[in-house]
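Engineer: Contents are mmCIF, C-alpha atoms and all ligand atoms; file name data_35.cif:
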data_target
#
loop_
_atom_site.label_atom_id
_atom_site.label_comp_id
_atom_site.auth_asym_id
_atom_site.auth_seq_id
_atom_site.Cartn_x
_atom_site.Cartn_y
_atom_site.Cartn_z
CA ILE A 1 -11.89 -15.82 -32.06
CA VAL A 2 -13.44 -12.38 -31.86
CA VAL A 3 -15.37 -11.31 -28.77
CA LEU A 4 -17.52 -8.27 -28.04
CA GLY A 5 -17.23 -7.25 -24.37
CA LEU A 6 -19.45 -4.97 -22.30
CA GLU A 7 -18.61 -3.31 -18.98
CA SER A 8 -21.00 -1.38 -16.73
CA SER A 9 -20.21 -2.34 -13.14
CA CYS A 10 -19.30 1.08 -11.82
CA ASP A 11 -19.08 4.52 -13.40
CA GLU A 12 -17.71 3.61 -16.82
CA THR A 13 -19.88 2.31 -19.62
CA ALA A 14 -17.69 0.48 -22.11
CA ALA A 15 -17.79 -1.77 -25.15
CA ALA A 16 -14.89 -3.32 -27.03
CA VAL A 17 -14.04 -5.90 -29.64
CA VAL A 18 -10.97 -8.07 -29.07
CA ARG A 19 -9.39 -10.87 -31.07
CA ARG A 20 -7.62 -13.81 -29.44
CA ARG A 21 -5.47 -15.82 -31.81
CA THR A 22 -4.86 -19.54 -31.40
CA ASP A 23 -1.28 -18.85 -30.26
CA GLY A 24 -2.77 -17.00 -27.28
CA SER A 25 -1.86 -13.51 -28.44
CA GLY A 26 -4.44 -10.79 -28.55
CA GLU A 27 -5.41 -7.68 -30.44
CA ILE A 28 -7.80 -4.88 -29.53
CA LEU A 29 -9.98 -4.06 -32.55
CA SER A 30 -11.93 -1.34 -30.76
CA ASN A 31 -12.29 -0.06 -27.21
CA VAL A 32 -14.81 2.69 -26.49
CA VAL A 33 -15.40 4.03 -23.00
CA PHE A 34 -17.95 6.53 -21.77
CA SER A 35 -16.92 7.87 -18.40
CA GLN A 36 -19.67 9.16 -16.12
CA ILE A 37 -17.21 11.13 -14.01
CA GLU A 38 -18.99 14.41 -14.74
CA GLU A 39 -22.36 12.97 -13.71
CA HIS A 40 -20.98 11.99 -10.31
CA ALA A 41 -18.37 14.68 -9.63
CA ALA A 42 -20.84 17.01 -7.90
CA PHE A 43 -21.60 14.25 -5.38
CA GLY A 44 -17.97 13.37 -4.63
CA GLY A 45 -18.53 9.74 -5.54
CA VAL A 46 -20.57 7.34 -7.63
CA VAL A 47 -24.36 7.57 -7.15
CA PRO A 48 -25.81 4.12 -8.04
CA GLU A 49 -29.14 5.34 -9.48
CA ILE A 50 -27.48 7.96 -11.65
CA ALA A 51 -24.95 5.37 -12.82
CA ALA A 52 -27.57 2.79 -13.80
CA ARG A 53 -29.58 5.35 -15.76
CA ALA A 54 -26.52 6.64 -17.57
CA HIS A 55 -25.49 3.09 -18.51
CA VAL A 56 -28.92 2.50 -20.06
CA GLU A 57 -28.70 5.70 -22.05
CA VAL A 58 -25.33 5.05 -23.69
CA MET A 59 -24.85 1.26 -23.85
CA ASP A 60 -26.55 0.63 -27.21
CA GLY A 61 -24.65 3.47 -28.84
CA LEU A 62 -21.34 2.21 -27.47
CA VAL A 63 -21.97 -1.29 -28.82
CA GLU A 64 -22.65 0.18 -32.27
CA ALA A 65 -19.55 2.35 -32.03
CA ALA A 66 -17.34 -0.56 -30.94
CA LEU A 67 -18.55 -2.75 -33.82
CA ALA A 68 -18.21 0.10 -36.33
CA GLU A 69 -14.68 0.92 -35.20
CA ALA A 70 -13.75 -2.76 -35.50
CA LYS A 71 -15.36 -2.75 -38.96
CA LEU A 72 -17.46 -5.75 -37.99
CA SER A 73 -21.12 -6.57 -37.63
CA LEU A 74 -22.64 -8.57 -34.81
CA ALA A 75 -22.73 -11.61 -37.09
CA ASP A 76 -18.90 -11.51 -37.32
CA VAL A 77 -18.20 -11.88 -33.61
CA ASP A 78 -17.85 -15.34 -32.07
CA ALA A 79 -19.21 -14.54 -28.62
CA ILE A 80 -20.53 -11.78 -26.41
CA ALA A 81 -19.11 -11.19 -22.95
CA ALA A 82 -20.29 -8.89 -20.21
CA THR A 83 -19.40 -8.12 -16.62
CA ALA A 84 -21.77 -10.10 -14.38
CA GLY A 85 -20.31 -8.73 -11.12
CA PRO A 86 -19.02 -7.66 -8.72
CA GLY A 87 -20.29 -4.10 -8.79
CA LEU A 88 -23.32 -1.85 -8.53
CA ILE A 89 -26.14 -4.20 -9.37
CA GLY A 90 -28.21 -1.70 -11.38
CA GLY A 91 -25.28 -1.05 -13.68
CA VAL A 92 -24.20 -4.68 -13.98
CA LEU A 93 -27.73 -5.60 -15.05
CA VAL A 94 -27.60 -3.11 -17.93
CA GLY A 95 -24.50 -4.65 -19.51
CA LEU A 96 -25.42 -8.24 -18.77
CA THR A 97 -28.99 -7.87 -20.07
CA THR A 98 -27.76 -6.13 -23.20
CA ALA A 99 -25.28 -8.94 -23.78
CA LYS A 100 -27.99 -11.57 -23.30
CA ALA A 101 -30.24 -9.82 -25.82
CA LEU A 102 -27.43 -9.53 -28.37
CA ALA A 103 -26.32 -13.13 -27.85
CA TYR A 104 -29.90 -14.38 -28.19
CA ALA A 105 -30.60 -12.32 -31.30
CA ALA A 106 -27.33 -13.22 -33.02
CA LYS A 107 -27.29 -16.84 -31.76
CA LYS A 108 -23.84 -16.43 -30.19
CA PRO A 109 -22.45 -17.84 -26.96
CA LEU A 110 -22.70 -15.64 -23.88
CA VAL A 111 -19.87 -15.37 -21.37
CA ALA A 112 -20.56 -13.84 -17.95
CA VAL A 113 -17.28 -12.35 -16.78
CA ASN A 114 -16.11 -11.51 -13.28
CA HIS A 115 -14.96 -7.86 -13.49
CA LEU A 116 -11.90 -8.68 -11.38
CA GLU A 117 -10.96 -11.50 -13.73
CA GLY A 118 -11.01 -8.89 -16.49
CA HIS A 119 -8.47 -6.81 -14.55
CA ALA A 120 -6.51 -9.99 -13.71
CA LEU A 121 -6.06 -11.25 -17.28
CA THR A 122 -5.41 -7.93 -19.06
CA ALA A 123 -1.63 -8.39 -18.86
CA ARG A 124 -1.95 -11.48 -21.03
CA LEU A 125 -3.63 -9.38 -23.71
CA THR A 126 -1.15 -6.51 -23.51
CA HIS A 127 2.08 -8.34 -22.65
CA GLY A 128 1.43 -12.03 -23.36
CA VAL A 129 2.31 -12.91 -19.75
CA ASP A 130 2.41 -16.64 -19.03
CA PHE A 131 1.01 -18.38 -15.93
CA PRO A 132 1.79 -18.40 -13.09
CA TYR A 133 2.11 -14.80 -11.99
CA LEU A 134 1.39 -12.78 -8.91
CA LEU A 135 -1.30 -10.15 -9.28
CA LEU A 136 -1.62 -6.94 -7.30
CA LEU A 137 -5.18 -5.76 -7.87
CA VAL A 138 -5.63 -2.23 -6.58
CA SER A 139 -8.78 -0.38 -7.59
CA GLY A 140 -11.62 1.67 -6.19
CA GLY A 141 -13.27 -1.30 -4.53
CA HIS A 142 -10.48 -3.86 -4.13
CA SER A 143 -6.94 -4.28 -2.84
CA GLN A 144 -5.77 -7.84 -3.10
CA ILE A 145 -2.75 -9.93 -3.93
CA LEU A 146 -3.61 -13.05 -5.90
CA ARG A 147 -1.66 -15.91 -7.33
CA VAL A 148 -2.82 -16.62 -10.88
CA ASP A 149 -2.16 -20.18 -12.08
CA GLY A 150 -4.51 -20.27 -15.04
CA VAL A 151 -7.81 -18.97 -16.36
CA GLY A 152 -10.21 -19.36 -13.44
CA GLN A 153 -7.39 -20.35 -11.07
CA TYR A 154 -6.92 -17.56 -8.58
CA THR A 155 -5.70 -17.93 -5.04
CA ARG A 156 -5.86 -14.93 -2.77
CA VAL A 157 -2.69 -14.52 -0.74
CA GLY A 158 -3.40 -11.10 0.74
CA THR A 159 -6.14 -8.50 1.03
CA THR A 160 -6.99 -5.22 2.66
CA ILE A 161 -8.56 -5.62 6.06
CA ASP A 162 -10.46 -2.32 5.66
CA ASP A 163 -10.42 0.25 2.82
CA ALA A 164 -9.30 -0.32 -0.75
CA LEU A 165 -6.27 1.68 -1.89
CA GLY A 166 -8.22 3.58 -4.56
CA GLU A 167 -10.81 4.39 -1.92
CA ALA A 168 -8.05 5.78 0.32
CA PHE A 169 -6.91 8.01 -2.56
CA ASP A 170 -10.51 9.09 -3.21
CA LYS A 171 -11.22 9.87 0.46
CA THR A 172 -7.95 11.78 0.84
CA ALA A 173 -8.85 13.81 -2.23
CA LYS A 174 -12.33 14.53 -0.95
CA LEU A 175 -10.94 15.66 2.40
CA LEU A 176 -8.54 18.01 0.64
CA GLN A 177 -11.29 19.15 -1.75
CA LEU A 178 -9.44 17.92 -4.80
CA GLY A 179 -12.53 16.46 -6.43
CA TYR A 180 -13.42 13.05 -7.77
CA PRO A 181 -11.89 10.68 -8.80
CA GLY A 182 -9.19 11.29 -6.28
CA GLY A 183 -6.27 9.18 -7.46
CA PRO A 184 -5.14 11.29 -10.40
CA ALA A 185 -5.73 14.55 -8.45
CA VAL A 186 -3.68 13.39 -5.46
CA GLU A 187 -0.88 12.18 -7.72
CA LYS A 188 -0.78 15.50 -9.54
CA MET A 189 -0.63 17.55 -6.33
CA ALA A 190 1.95 15.18 -4.81
CA ALA A 191 4.35 16.10 -7.61
CA GLU A 192 4.54 19.62 -6.15
CA GLY A 193 4.87 18.53 -2.54
CA ASP A 194 7.43 17.51 0.08
CA SER A 195 6.84 13.90 1.15
CA ARG A 196 8.68 14.42 4.48
CA ARG A 197 6.54 17.34 5.60
CA VAL A 198 3.82 15.30 7.31
CA ALA A 199 4.52 12.18 9.38
CA LEU A 200 2.01 9.45 8.54
CA PRO A 201 1.78 5.83 9.74
CA ARG A 202 2.79 2.81 7.63
CA PRO A 203 0.10 0.30 8.68
CA LEU A 204 1.00 -3.43 8.84
CA ILE A 205 4.59 -2.98 7.60
CA GLY A 206 6.69 -5.94 8.68
CA ARG A 207 3.71 -8.15 9.51
CA ASP A 208 3.73 -11.86 8.72
CA GLU A 209 0.88 -11.98 6.23
CA PRO A 210 0.85 -9.82 3.08
CA ASN A 211 -2.31 -7.89 3.98
CA PHE A 212 -3.06 -4.17 3.74
CA SER A 213 -4.80 -1.64 5.93
CA PHE A 214 -5.51 1.89 4.70
CA SER A 215 -8.24 3.29 6.90
CA GLY A 216 -5.86 4.42 9.66
CA LEU A 217 -3.88 6.37 7.09
CA LYS A 218 -6.98 8.17 5.94
CA THR A 219 -7.75 9.12 9.54
CA ALA A 220 -4.19 10.31 10.08
CA VAL A 221 -4.46 12.46 6.96
CA ARG A 222 -7.61 14.04 8.38
CA HIS A 223 -5.90 14.86 11.68
CA GLU A 224 -2.91 16.40 9.91
CA ALA A 225 -5.16 18.42 7.61
CA GLU A 226 -7.13 19.73 10.59
CA ALA A 227 -3.92 20.63 12.42
CA LEU A 228 -2.63 22.63 9.45
CA ALA A 229 -5.93 24.30 8.52
CA PRO A 230 -6.52 26.65 6.80
CA LEU A 231 -4.59 24.80 4.10
CA SER A 232 -2.45 26.61 1.57
CA ARG A 233 -1.87 25.02 -1.83
CA GLN A 234 1.59 23.99 -0.62
CA ASP A 235 0.10 22.36 2.49
CA VAL A 236 -2.23 20.32 0.29
CA ALA A 237 0.64 19.33 -1.98
CA ASP A 238 2.78 18.30 0.99
CA ILE A 239 -0.02 16.19 2.48
CA CYS A 240 -0.58 14.51 -0.90
CA ALA A 241 3.13 13.79 -1.29
CA SER A 242 3.34 12.43 2.26
CA PHE A 243 0.25 10.26 1.73
CA GLN A 244 1.58 8.89 -1.56
CA ALA A 245 4.95 8.13 0.03
CA ALA A 246 3.26 6.30 2.91
CA VAL A 247 1.09 4.11 0.68
CA SER A 248 4.05 3.44 -1.62
CA ASP A 249 6.09 2.22 1.38
CA VAL A 250 3.21 0.01 2.51
CA VAL A 251 2.60 -1.45 -0.94
CA ALA A 252 6.31 -2.12 -1.55
CA ASP A 253 6.70 -3.86 1.83
CA ARG A 254 3.54 -6.00 1.63
CA VAL A 255 3.95 -6.92 -2.03
CA GLY A 256 7.65 -7.58 -1.46
CA LEU A 257 6.76 -10.23 1.11
CA ALA A 258 4.22 -11.84 -1.22
CA VAL A 259 6.63 -11.87 -4.17
CA ARG A 260 9.42 -13.47 -2.12
CA ARG A 261 7.06 -16.23 -0.98
CA PHE A 262 5.76 -16.69 -4.52
CA ALA A 263 9.31 -16.90 -5.90
CA GLU A 264 10.12 -19.73 -3.46
CA THR A 265 7.44 -21.87 -5.13
CA LEU A 266 8.89 -21.44 -8.62
CA ALA A 267 11.49 -23.67 -10.24
CA ASP A 268 15.08 -22.49 -9.73
CA GLY A 269 16.02 -19.62 -11.96
CA HIS A 270 12.42 -18.90 -12.92
CA PRO A 271 11.99 -15.14 -12.42
CA PRO A 272 8.81 -14.09 -10.59
CA VAL A 273 6.41 -11.90 -12.53
CA LEU A 274 4.28 -9.30 -10.77
CA VAL A 275 1.30 -7.87 -12.64
CA VAL A 276 -0.41 -4.75 -11.35
CA ALA A 277 -4.02 -4.13 -12.33
CA GLY A 278 -6.89 -1.83 -11.37
CA GLY A 279 -7.11 1.95 -11.49
CA VAL A 280 -4.38 2.59 -8.92
CA ALA A 281 -1.88 0.85 -11.23
CA ALA A 282 -1.89 4.14 -13.13
CA ASN A 283 -0.03 5.79 -10.22
CA LYS A 284 3.57 6.46 -11.29
CA ALA A 285 5.04 6.68 -7.79
CA ILE A 286 3.67 3.27 -6.82
CA ARG A 287 4.73 1.85 -10.16
CA SER A 288 8.31 2.98 -9.85
CA ARG A 289 8.55 1.56 -6.31
CA LEU A 290 7.29 -1.79 -7.56
CA ASP A 291 9.64 -1.61 -10.51
CA ALA A 292 12.61 -1.17 -8.15
CA LEU A 293 11.29 -3.96 -5.94
CA MET A 294 11.04 -6.42 -8.82
CA SER A 295 14.50 -5.56 -10.18
CA GLY A 296 15.88 -6.17 -6.71
CA LEU A 297 14.23 -9.59 -6.66
CA ASN A 298 15.43 -10.45 -10.18
CA GLY A 299 11.85 -10.48 -11.35
CA ARG A 300 9.71 -8.57 -13.80
CA LEU A 301 6.98 -5.98 -13.31
CA VAL A 302 4.19 -5.82 -15.87
CA VAL A 303 1.70 -2.95 -15.87
CA PRO A 304 -0.82 -2.59 -18.69
CA PRO A 305 -1.23 0.92 -20.17
CA GLY A 306 -3.34 3.29 -18.07
CA ASN A 307 -6.51 3.12 -20.16
CA LEU A 308 -6.51 -0.67 -19.74
CA CYS A 309 -5.85 -0.46 -15.97
CA THR A 310 -9.04 1.48 -15.29
CA ASP A 311 -12.39 -0.01 -16.25
CA ASN A 312 -12.80 -0.81 -19.93
CA GLY A 313 -14.55 -3.22 -22.27
CA ALA A 314 -11.40 -4.74 -23.77
CA MET A 315 -10.53 -6.50 -20.53
CA ILE A 316 -14.03 -8.01 -20.38
CA ALA A 317 -13.93 -9.10 -24.02
CA TRP A 318 -10.47 -10.61 -23.46
CA ALA A 319 -11.48 -12.48 -20.27
CA GLY A 320 -14.51 -13.74 -22.19
CA ALA A 321 -12.25 -14.99 -24.99
CA GLU A 322 -9.90 -16.68 -22.52
CA ARG A 323 -12.81 -18.48 -20.88
CA LEU A 324 -14.39 -19.39 -24.18
CA VAL A 325 -11.26 -21.13 -25.50
CA THR A 326 -11.24 -23.29 -22.39
CA GLY A 327 -14.77 -24.39 -23.31
CA HIS A 328 -16.73 -22.14 -21.01
CA ALA A 329 -19.95 -20.34 -21.86
CA ASP A 330 -22.96 -19.36 -19.77
CA GLY A 331 -26.69 -19.93 -20.05
CA PHE A 332 -29.17 -17.07 -20.39
CA ASP A 333 -30.24 -17.67 -16.81
CA VAL A 334 -26.86 -16.51 -15.47
CA ALA A 335 -27.40 -13.92 -12.74
CA ALA A 336 -25.76 -10.58 -11.97
CA ARG A 337 -23.84 -10.70 -8.70
CA PRO A 338 -23.15 -7.59 -6.60
CA ARG A 339 -20.50 -9.52 -4.66
CA TRP A 340 -18.30 -12.08 -6.35
CA PRO A 341 -14.79 -12.70 -4.94
CA LEU A 342 -12.27 -13.63 -7.59
CA ASP A 343 -11.14 -16.78 -5.80
CA ASP A 344 -14.75 -17.95 -6.23
CA VAL A 345 -14.36 -18.03 -10.01
CA ALA A 346 -14.04 -21.74 -10.61
CA ALA A 347 -11.79 -22.94 -13.39
CA PRO A 348 -13.97 -23.24 -16.48
CA LEU A 349 -15.50 -26.66 -16.97
CA VAL A 350 -15.15 -27.82 -20.55
CA GLY A 351 -18.60 -28.27 -22.06
CA HIS A 352 -20.35 -26.44 -19.26
CA GLY A 353 -23.28 -24.32 -20.37
CA ARG A 354 -23.50 -24.66 -24.11
P1 LIG B 401 -13.35 -2.17 -8.82
O1 LIG B 401 -12.54 -2.53 -10.01
O2 LIG B 401 -12.73 -2.60 -7.56
O3 LIG B 401 -14.78 -2.58 -8.95
P2 LIG B 401 -13.42 0.49 -9.87
O4 LIG B 401 -13.82 -0.25 -11.08
O5 LIG B 401 -14.15 1.72 -9.51
O6 LIG B 401 -13.40 -0.57 -8.67
P3 LIG B 401 -11.10 1.23 -11.25
O7 LIG B 401 -11.93 1.95 -12.27
O8 LIG B 401 -10.34 0.04 -11.66
O9 LIG B 401 -11.92 0.88 -9.95
O10 LIG B 401 -10.12 2.28 -10.62
C1 LIG B 401 -10.59 3.51 -10.09
C2 LIG B 401 -9.79 3.83 -8.86
O11 LIG B 401 -8.42 4.03 -9.21
C3 LIG B 401 -10.25 5.09 -8.16
O12 LIG B 401 -10.29 4.86 -6.76
C4 LIG B 401 -9.16 6.11 -8.51
O13 LIG B 401 -8.98 7.12 -7.56
C5 LIG B 401 -7.95 5.21 -8.62
N1 LIG B 401 -6.91 5.83 -9.46
C6 LIG B 401 -6.99 6.15 -10.77
N2 LIG B 401 -5.87 6.77 -11.18
C7 LIG B 401 -5.04 6.82 -10.10
C8 LIG B 401 -3.73 7.35 -9.88
N3 LIG B 401 -3.04 7.95 -10.85
N4 LIG B 401 -3.20 7.21 -8.64
C9 LIG B 401 -3.90 6.59 -7.65
N5 LIG B 401 -5.13 6.10 -7.80
C10 LIG B 401 -5.70 6.21 -9.00
MG MG B 402 -14.29 3.05 -12.27
FE FE B 403 -12.47 -2.00 -12.04
#
In C-alpha cells, how does this file's structure come out?

Structural biologist:
Amino acid sequence: IVVLGLESSCDETAAAVVRRRTDGSGEILSNVVFSQIEEHAAFGGVVPEIAARAHVEVMDGLVEAALAEAKLSLADVDAIAATAGPGLIGGVLVGLTTAKALAYAAKKPLVAVNHLEGHALTARLTHGVDFPYLLLLVSGGHSQILRVDGVGQYTRVGTTIDDALGEAFDKTAKLLQLGYPGGPAVEKMAAEGDSRRVALPRPLIGRDEPNFSFSGLKTAVRHEAEALAPLSRQDVADICASFQAAVSDVVADRVGLAVRRFAETLADGHPPVLVVAGGVAANKAIRSRLDALMSGLNGRLVVPPGNLCTDNGAMIAWAGAERLVTGHADGFDVAARPRWPLDDVAAPLVGHGR
C-alpha cells in the first residue's frame, strides 16, 4: 500500500509518500520538509502562532511536491495519514484538516497518527526491525524509554521527571547564545572543547527506575557559565563538551538499566534491540555511547538516518501504513490532541472506523 503522510505538530511542515509492501518492508517515494527554523530563530524557540500560520502557507505546496516527486496523483495513494497530536494544536490542526479534506475529496481512508508513534516505528521502515524492541525516544518535547511489542503496543518503562533532553540542549544553547535549535550547535561546539573542564552533576545515575532528570543539569550549566563569564569561545566549547559528556553518561546509565531488564524478558540467546528516535538521536556522542553499551550487552543499536530522526512526513506516512494494514482507520470526526501519551495509543482494532 501507498500512503501520503502529513506532519505539522511543531516547527516542521512535511509531506511524504511511503510504500509498505506485504512482506513488511518499506520504501520512501518522496519526503519533503519545510523547516521553519528561520521564522523562529529570532525568538530563541518556537512561537505557536507563527508556526500555525507558516504551516497553512506551505502545506498545500508540500503535498503537491511530495506527490510529484513520487510520480503519483492523489488517486494513486491508498490512504492519507496525518499527525493528530501531540503538539502545538494550531499546527496539528493544519495537517489534520488538510488530510481530512484530501481523504474526503479522493474517497480514501484517513489515519490519525500519534506523532510519537511515527518516531517509534521509523526503525521498521529504515531497518526492518522486528518486535519487540526497546525504544529511546529523545526529542524536543519528550524523553522516554518504551517497550514496543507491536503496532499500538507501547509500554513506558522510563521517562524524564522534568525537562526533555532536546529541551536541555536547547536551553543550554540559548544560555550560551548559540542560537536555535540548540542540539546541533552544542554538538558542534563540544567537538572543540574539553569535557573535563567543568564539573557537572549526573542526575539519577544508579537509581532503581530508568528515569531521567535534566533540569538540574541546565541549572548547573548556568552557574558554571556565570562563574566563568565573560565567556571566551574556548569556555563555551568546554561547557558544551562537559554538558554533552554529562548527558551521555546519564543516558548510557539509565538506558543500560532498561536494556538489561528488557533482555531478561527475552528468550535465551535473543539479542536485545535498542532503537533511538527523536531529534536528539542525531547526536553522535550519545550515539556512540549507546553503540558501546549495546555491544557490551550483546545487543544491537538501531538509529535511523538523521533526517528521519527529526520531524518528517515519512514517519507519519509509515505509521499510517502500519496501522492501516492492521485494519485501523479513523473517522472524519477524529480530533486533534495537544497531549497524547504514546502508551495511550491502543492497539488498532480491526474494522474500527471504516
Ligand atoms: P517532539 O517530537 O517531542 O514533539 P520535536 O518534534 O520538536 O519534539 P524533534 O524535531 O524530534 O523534536 O527534535 C528536535 C530536538 O532535537 C531539538 O530539541 C534539538 O535541539 C534536538 N537535536 C537535534 N539535533 C541534535 C543533536 N545533534 N544533538 C542533540 N540534540 C539535537
Ligand atoms: Mg521539530
Ligand atoms: Fe518529533

Engineer: Would you please work out which residue, of A:Val94, A:Met294, A:Val275, A:Ala227, is nearest to A:Glu57 when using all atoms listed in the file?

Structural biologist: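 Smallest distance to A:Glu57 is found for A:Val94.
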
Engineer: Given the point (-9.3, 17.0, 0.4) in the coordinates of this file, which residues lie within 10 Å, counting all atoms listed in the file, and how would they look as a ChimeraX atom specification?

Structural biologist: /A:169-180,182,185-186,221-222,225,231,236,239-240

Engineer: Suppose we keep C-alpha atoms; can you now write the selection as a JSON list (two decimals), in the coordinates of the input?

Structural biologist:
[["chain", "number", "residue", "atom", "x", "y", "z"],
["A", 169, "PHE", "CA", -6.91, 8.01, -2.56],
["A", 170, "ASP", "CA", -10.51, 9.09, -3.21],
["A", 171, "LYS", "CA", -11.22, 9.87, 0.46],
["A", 172, "THR", "CA", -7.95, 11.78, 0.84],
["A", 173, "ALA", "CA", -8.85, 13.81, -2.23],
["A", 174, "LYS", "CA", -12.33, 14.53, -0.95],
["A", 175, "LEU", "CA", -10.94, 15.66, 2.40],
["A", 176, "LEU", "CA", -8.54, 18.01, 0.64],
["A", 177, "GLN", "CA", -11.29, 19.15, -1.75],
["A", 178, "LEU", "CA", -9.44, 17.92, -4.80],
["A", 179, "GLY", "CA", -12.53, 16.46, -6.43],
["A", 180, "TYR", "CA", -13.42, 13.05, -7.77],
["A", 182, "GLY", "CA", -9.19, 11.29, -6.28],
["A", 185, "ALA", "CA", -5.73, 14.55, -8.45],
["A", 186, "VAL", "CA", -3.68, 13.39, -5.46],
["A", 221, "VAL", "CA", -4.46, 12.46, 6.96],
["A", 222, "ARG", "CA", -7.61, 14.04, 8.38],
["A", 225, "ALA", "CA", -5.16, 18.42, 7.61],
["A", 231, "LEU", "CA", -4.59, 24.80, 4.10],
["A", 236, "VAL", "CA", -2.23, 20.32, 0.29],
["A", 239, "ILE", "CA", -0.02, 16.19, 2.48],
["A", 240, "CYS", "CA", -0.58, 14.51, -0.90]]

Engineer: Please identify the residues whose atoms come within 7 Å of ligand LIG 401 (chain B), using only C-alpha atoms and all ligand atoms, and report them as JSON, numbers by chain.

Structural biologist: {"A": [9, 10, 11, 86, 87, 115, 116, 139, 140, 141, 142, 166, 167, 169, 170, 181, 182, 183, 184, 186, 187, 278, 279, 280, 281, 282, 283, 284, 309, 310, 311]}

Engineer: Box along x, y and z, 6 Å on every side, all listed atoms of stretch 262-269 of chain A inside: centre and edge lengths in Å to one decimal, as lines of an AutoDock Vina configuration file.

Structural biologist:
center_x = 10.9
center_y = -20.2
center_z = -7.7
size_x = 22.3
size_y = 19.0
size_z = 20.5

Engineer: Pick the closest to ligand MG 402 (chain B) from A:Gly206, A:Pro132, A:Gly24, A:Gly313: which is it, counting all atoms listed in the file?

Structural biologist: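 Looking only at the distances to ligand MG 402 (chain B), the closest residue turns out to be A:Gly313.
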
Engineer: Please provide the set of residues having any atom within 12 Å of A:Leu342, restricted to only C-alpha atoms, with same-chain residues fewer than 6 positions apart removed, written as a list in words.

Structural biologist: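 Contacts, with the query itself left out: Gly85, Pro86, Val113, Asn114, His115, Leu116, Glu117, Gly118, His119, Ala120, Leu121, Leu135, Leu137, His142, Ser143, Gln144, Ile145, Leu146, Arg147, Val148, Val151, Gly152, Gln153, Tyr154, Thr155, Arg156, Val157 and Thr159 of chain A.
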
Engineer: Print the selection's residues with C-alpha atoms to a file, as a PDB file, in the coordinates of the input.

Structural biologist:
ATOM      1  CA  GLY A  85     -20.310  -8.730 -11.120  1.00  0.00           C
ATOM      2  CA  PRO A  86     -19.020  -7.660  -8.720  1.00  0.00           C
ATOM      3  CA  VAL A 113     -17.280 -12.350 -16.780  1.00  0.00           C
ATOM      4  CA  ASN A 114     -16.110 -11.510 -13.280  1.00  0.00           C
ATOM      5  CA  HIS A 115     -14.960  -7.860 -13.490  1.00  0.00           C
ATOM      6  CA  LEU A 116     -11.900  -8.680 -11.380  1.00  0.00           C
ATOM      7  CA  GLU A 117     -10.960 -11.500 -13.730  1.00  0.00           C
ATOM      8  CA  GLY A 118     -11.010  -8.890 -16.490  1.00  0.00           C
ATOM      9  CA  HIS A 119      -8.470  -6.810 -14.550  1.00  0.00           C
ATOM     10  CA  ALA A 120      -6.510  -9.990 -13.710  1.00  0.00           C
ATOM     11  CA  LEU A 121      -6.060 -11.250 -17.280  1.00  0.00           C
ATOM     12  CA  LEU A 135      -1.300 -10.150  -9.280  1.00  0.00           C
ATOM     13  CA  LEU A 137      -5.180  -5.760  -7.870  1.00  0.00           C
ATOM     14  CA  HIS A 142     -10.480  -3.860  -4.130  1.00  0.00           C
ATOM     15  CA  SER A 143      -6.940  -4.280  -2.840  1.00  0.00           C
ATOM     16  CA  GLN A 144      -5.770  -7.840  -3.100  1.00  0.00           C
ATOM     17  CA  ILE A 145      -2.750  -9.930  -3.930  1.00  0.00           C
ATOM     18  CA  LEU A 146      -3.610 -13.050  -5.900  1.00  0.00           C
ATOM     19  CA  ARG A 147      -1.660 -15.910  -7.330  1.00  0.00           C
ATOM     20  CA  VAL A 148      -2.820 -16.620 -10.880  1.00  0.00           C
ATOM     21  CA  VAL A 151      -7.810 -18.970 -16.360  1.00  0.00           C
ATOM     22  CA  GLY A 152     -10.210 -19.360 -13.440  1.00  0.00           C
ATOM     23  CA  GLN A 153      -7.390 -20.350 -11.070  1.00  0.00           C
ATOM     24  CA  TYR A 154      -6.920 -17.560  -8.580  1.00  0.00           C
ATOM     25  CA  THR A 155      -5.700 -17.930  -5.040  1.00  0.00           C
ATOM     26  CA  ARG A 156      -5.860 -14.930  -2.770  1.00  0.00           C
ATOM     27  CA  VAL A 157      -2.690 -14.520  -0.740  1.00  0.00           C
ATOM     28  CA  THR A 159      -6.140  -8.500   1.030  1.00  0.00           C
TER      29      THR A 159
END

Engineer: If you measure from atom CA of A:Gly269 to atom CA of A:Gly26, what distance in Å do you get, rounded to one decimal?

Structural biologist: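 Interatomic distance here is 27.8 Å.
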
Engineer: What's the separation between atom MG of ligand MG 402 (chain B) and atom CA of A:Pro210, in Å to one decimal place?

Structural biologist: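 Atom CA of A:Pro210 lies 25.1 Å from atom MG of ligand MG 402 (chain B).
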
Engineer: Enter the distance from atom CA of A:His270 to atom CA of A:Gly299, in Å, rounded to one decimal.

Structural biologist: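 So the answer is 8.6 Å.
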
Engineer: Go through A:Leu165, A:Asp330, A:Ala229, A:Asp23 one by one, measure the shortest atom-to-atom distance of each to A:Ser248 using all atoms listed in the file, and give the residue with the smallest value.

Structural biologist: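 Smallest separation from A:Ser248 among the options: A:Leu165.
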
Engineer: Which residues are near A:Glu192? Cut-off 9 Å, only C-alpha atoms, ignore same chain within fewer than 3 positions. Put them as a ChimeraX atom specification.

Structural biologist: /A:188-189,234,237-238,240-241

Engineer: Under the rule that only C-alpha atoms and all ligand atoms are counted, which of A:Asp268, A:Thr13, A:Leu204, A:Val56 is the nearest residue to ligand FE 403 (chain B)?

Structural biologist: A:Thr13

Engineer: Would you kindly return, as a count of residues only, each protein, DNA or RNA residue with an atom no farther than 9 Å from any atom of A:Met59, considering only C-alpha atoms and excluding same-chain residues fewer than 6 positions away?

Structural biologist: 9

Engineer: Of the candidates A:Thr83, A:Thr97, A:Ser232, A:Asn31, which one gets nearest to ligand FE 403 (chain B) if we count all atoms listed in the file?

Structural biologist: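 The answer is A:Thr83, which sits nearest to ligand FE 403 (chain B).
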
Engineer: Please provide as a compact mmCIF listing (two decimals) with C-alpha atoms, in the coordinates of the input all residues within 10 Å of A:Ile37, with the sequence filter that same-chain residues fewer than 2 positions apart are discarded (counting all atoms listed in the file).

Structural biologist:
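Heads up, here's the output in around.txt:
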# COMPACT_ATOMS: atom_id res chain seq x y z
CA ASP A 11 -19.08 4.52 -13.40
CA GLU A 12 -17.71 3.61 -16.82
CA PHE A 34 -17.95 6.53 -21.77
CA SER A 35 -16.92 7.87 -18.40
CA GLU A 39 -22.36 12.97 -13.71
CA HIS A 40 -20.98 11.99 -10.31
CA ALA A 41 -18.37 14.68 -9.63
CA ALA A 42 -20.84 17.01 -7.90
CA GLY A 44 -17.97 13.37 -4.63
CA GLY A 45 -18.53 9.74 -5.54
CA VAL A 46 -20.57 7.34 -7.63
CA ALA A 51 -24.95 5.37 -12.82
CA TYR A 180 -13.42 13.05 -7.77
CA PRO A 181 -11.89 10.68 -8.80
